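Reviewing the structure listed below.
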Amino acid sequence: MASHFLFPQNLRAIEEEREDNLLYAQKPIDVASLSSSELEEFVKGVSFDLSDKEVFCIEEQDIFDRVYSLVRGFCSLIPSCKVTVVESLRSNLSVLLPNIDSLSRQDDETPMLDRISSFRNAFKIYTFFLFNIVLAEESNSASSNNAKVTASVRRKKPISSWNWEPQRGRVLNLIANSLEINLTLLFGSSDPDENYLSFITKNAFSMFENAALLKDSDTKDALCRIIGACATKYHYMAQSCASILHLIHKYDFVVTYMADAVAGAEKKFADGTLASSLIREIGRTSPKAYVKDTVGAENIGRFLVELADRLPKLMSTNIGVLVPHFGGESYKIRNALVGVLGKLVAKAFKDVAGEVSSKSVRLRTKQAMLEILLERCRDVSAYTRSRVLQVWAELCEEHSVSIGLWNEVAAVAAGRLEDKSAIVRKSALNLLIMMLQHNPFGPQLRIASFEATLQQYKNKLTELEPNKPSESPIDGLPYDDDGEVENTANAEQIIEEQPDSLTDSLSHMDQGIAEKDGSVPDVGNLEQTRALVASLEAGLMFSKCISATMPTLVQLMASSSATDVENTILLLMRCRQFQVDGADACLRKMLPLVFSQDKSIYEAVENAFITIYIRKNATETAKNLLNLVVDSNIGDQAALEFVIGALVSKGDITGSTISALWDFFCFNINGTTAEQSRGALSVLCMAAKSSTGILGSHVQDIIDIGFGRWAKVEPLLARTACIAIQRLSEEDKKKLLLSNGSRIFSILESLITGFGLPDNIWYAAADKAIGAIYMIHPSPETLAAEIVKKSLSSVFDGTGGHASENDINSNKDSIFSAVQVAKLGRYLFVVSQVAMDQLVYIESCVRKIQKQKVAKDKMDADGTANADQQKDNSINAELGLAASEDAILDMLAEKAEKEIISGGSIEKNLIGECAPFLSKLCKNFSLMKKYPELQASAMLALCRFMIIDANYCDANLQLLFTVVENAQSEIVRSNCIIALGDLAARFPNLLEPWTENMYTRLRDPSVSVRKNAVLVLSHLILNDMMKVKGYINEMAIRVVDEDERISSLAKLLFHELSKKGSNPIYNLLPDILGKLSNQNLDRESFCNIMQFLIGSIKKDKQMEALVEKLCNRFTGVTDVRQWEYISYCLSQLTFTEKGMKKLIELFKTYEHALAEDTVMDHFRNIINKGKKFAKPELKVCIEEFEEKLNKFNLEKKEQELTARNAEIHRQKVSNMEGFVVASNDREGSADSDTDGEVINASTEGTNQSSDELSKSKFVASEESSAASSDVTESEADGFEVTSPKVNTRGVCKSRAKKSQMKEPKGTVSAAARRSIRSKQRYVQNGNPC
């Protein structure tokens, strides 16, 4: 009988001599010392013996020693020898495995026992040697990968014929197969010996630590089978669970493989013990353990989700042990559990088989899981809230949300749109998108359609049950076994009457339903009708829920987070697809986002624009664009111009679309209105920005239609035609001047000076008409002068402006009763607009000259000019004549600009004549108050003149600010504040002393004025045209403005300001804090402002510096309110380790403020924040600091209480001293009266008793209310205290003898003090004397 083989601890341990008839290597051979030929012969001999003899010949000592020698030196073998050794061992083991089953068929017992022993030995030896070969080869390959190989060695290395990876997979799969056969007869029990299983599992788990090895699918599958068989079939459970959890905690890449192994074991052996044990072990772990081990918590969470995906039913039976972890602090575990519940809801309850009781239990379990998911939407962690919304989206996609729960989920998602975390908002937006895409109510979600259909079927339901009270539709909603609403498909078709639903969750209803007499289709019996009504009711609720989110979505489009904007646009696109009410209006508001500097936002807007408005049909595209322009405001039109220009450049708006637009403009398409014609021309003007040749082919049509009879039908058409003329290309402008020059100028002149257009449109049209004249006329100033003269004559009927100027000087406004105010307003507009365009014209001429000069200089530099010219240029350069040319050009331009107004010259030109008249007109406040429209025109003209001329501006600045402050019309104030922005940009030195007055407009009662003030000041500040410091606190107050638009603009200013340089807000914050503390702001507003401003500071260094700055502000401040504000700001800072240390070091600066409870609360908040991120060393310091604060707070309170009591006591003593002195004075005067006069005995007692009673009352009131010393002294110094009439019977005669001796004023003897105390006691006891 051969020796038994026992698994050693390692390979080398086989060489150790063993007792008890155990097999070991007695004569191992060092194969490394053999030559290659000797080694080949040696290997061939071993291979021959293994193949020629019985499979259990391996237990023979000689063969065992030789095989062991080859395995020990396996790494030094040449590739061919390696292949031979591995194949020999593997083939023998593969032959051995089927023979194990044949052992049970042996008849002779004694030989069978010997044979079983031999088979067992051979089985162990083959497994041991093969596993060691795998371990040795993996160890060798790992070391070779880590070693540095030089290029020369790499070149000399021969091509290896040894491909290890396939061999490894085959060997491990063979070992896995050996574990899955029946080994009961071989080992005498259902479980192999402990050493065998320990060896297998230990090495298998060690191989799981190699990520590269697991990439081979054969190897990975084999290892998973080995672990599953050992743990499940052979009950090696505890050790396997511990090893699996250890690997999961340590390596994130093994999570999926371990889930495969556990699920594979359950499927192979129909035994979920391993999975259950792991789940219970995870559940038994303390939730606090996962707080520290964040990586392990994440891996465990992933493992649970993977396991729930593979084994949903098993996980559902064990979920109870995991639910308590929802109360743990680790959000990663909560995230995982949310994912587990999502998998279970989707997969664990699909089996419809079973008894009714078990089905009801399953439904209750599912409902409990859904309730947990809804509850987790309000989790404290943003990551968990985001994850649970993602799970709901997955459930919607898999149609696992019933109609009864659909609206509740939609309401939760809509509420999460206002979450403070961007990742939660993103998940909420995606959930709503998914709910729309897979909604069970149909492809159209219009509220009106649902209401109409619902009312019809409610009437139908009433007819079917006339004697029954109407039930709630939701209560009557029938559910199937899985909680889904029945007859949903019927509801969809009847709601929309469209069989092609966009959702995947709906099936088509039968097509045999026919309408009768125009009534709604009959859906069947009473129960089916009730179900349909319930479905319609749920659909209506869903439509209203989505429609109600539109205001929130508009706010999200203004979010600073790009993901918010992108996902909001996607949701609005989906809403528009399902015809949700309000979606189109919201999508219009995305247009200004094309100016966003974030490329992703611009691309999202552009893609949405193309999807909505650009069609394959050119006419349809043209109609969409012109309708969009017609309904847009000025801001939207600017955005549209930008988008349309970009799309024309890219070719998305094709030539056929342009042709269709011309057809609409020229009324070539039937049914075109004048408004649509104007819209088409507007789109063409926008497209002309990118392609100037678009308008040239239809110039005659622009003139004929734009200024013809259609302009009377649509007055804005003339304004649009003027814009089109301005945007003609240079060649087209020249052609226009040659062909229709006089005609077009006559049309423009009559448009400006005539009265064919209403006032509200004339101003806009005249503006563009004057601009067109200056754009195309060769000498525009001449035509402009004629227009100004005609406009002036129409106002004053040939008298000129002198009469009106004289009347204004004499403060007479009677002349304006004969003058039409509208004409004067138009004249002022024309003259000021001409002045502005003249200024722009001069600047454009200067730019043209400069461009020509640059081109000439470039041409000279390239050598294209002749030699004489180059010589002259070089001489001019040496003499400095080139620089003088630039100076002359600047001087001429400046002179031309001054001559527009001629504010400082004696001879005034046409416009200059109007300037003084305009100033005096604006100063006539009584007239302006009488005609507010005239004031608006006059102030607008005044501002334009001031922008043109610096002297005129300086002379009228005080007038302008007076009007800004006192004008009753908010339109006038708004116009003036806008003009002030232009003035500050053009003449910053003149406006600098008036900065405070400009900031004052931020407190204007008008919302419009405040909004314009915020816009103007934001522009000046962000473009460095105005100093920020000094009055920025006024802008900070607008952060909490009652108007949401103004508040958003102020926040936007500070957000953009924080991006400049090193964040100016950091430097401004202490100044803002100081000024806001002294203003009459309520506490909530202050806190909101400072919280927002501090939130814009992100750098740790700036936060640390702010700690020091704010702490130092405590010194020298005695106001308790400021202490509270400073401490609140400190509590809003993001503290680092350095910041906490600095706060602790600066304790002396704020120790005097710690007596206030509010201040202490803020410091406690800081301490709580610090404990969350602090390391152990810092945490100790923070705890000591907390004890110090609490101790100091108590001491301060005790000191204040003691001081207060001392002050009260001092006041009492001083009051009593004054009382004694006063009483002595009165008694002394009474003695003197007694000496000189005869005292009436009948009244003496009365006087004395009255005096004593008043004293007793005084003392009693003094003790009870602690009256002030001032009042006491005044009473003691001579104010008479009256008392009621007192019965003199029984009055103590000893009173008259009391205090006969006078003492010096201000001193009280000990006897007097005792007397006072005795009197107090006497009075308190109830005795009157």
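Residue numbers start at 1 in each chain; chains themselves are named A, B, ... in the order of the structure tokens; ligands are numbered from 1 in the order shown.
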
| helix (DSSP H, G or I) positions in stretch 252-458 of chain A, given as number ranges by chain | A: 252-269, 273-284, 287-292, 294-310, 312-321, 323-327, 331-347, 356-378, 382-397, 403-416, 422-437, 447-458

| Given only C-alpha atoms as the counted atoms, nearest of A:Asn99, A:Ser1058, A:Ser1131, A:Ser36 to A:Gln1091 | A:Ser1131
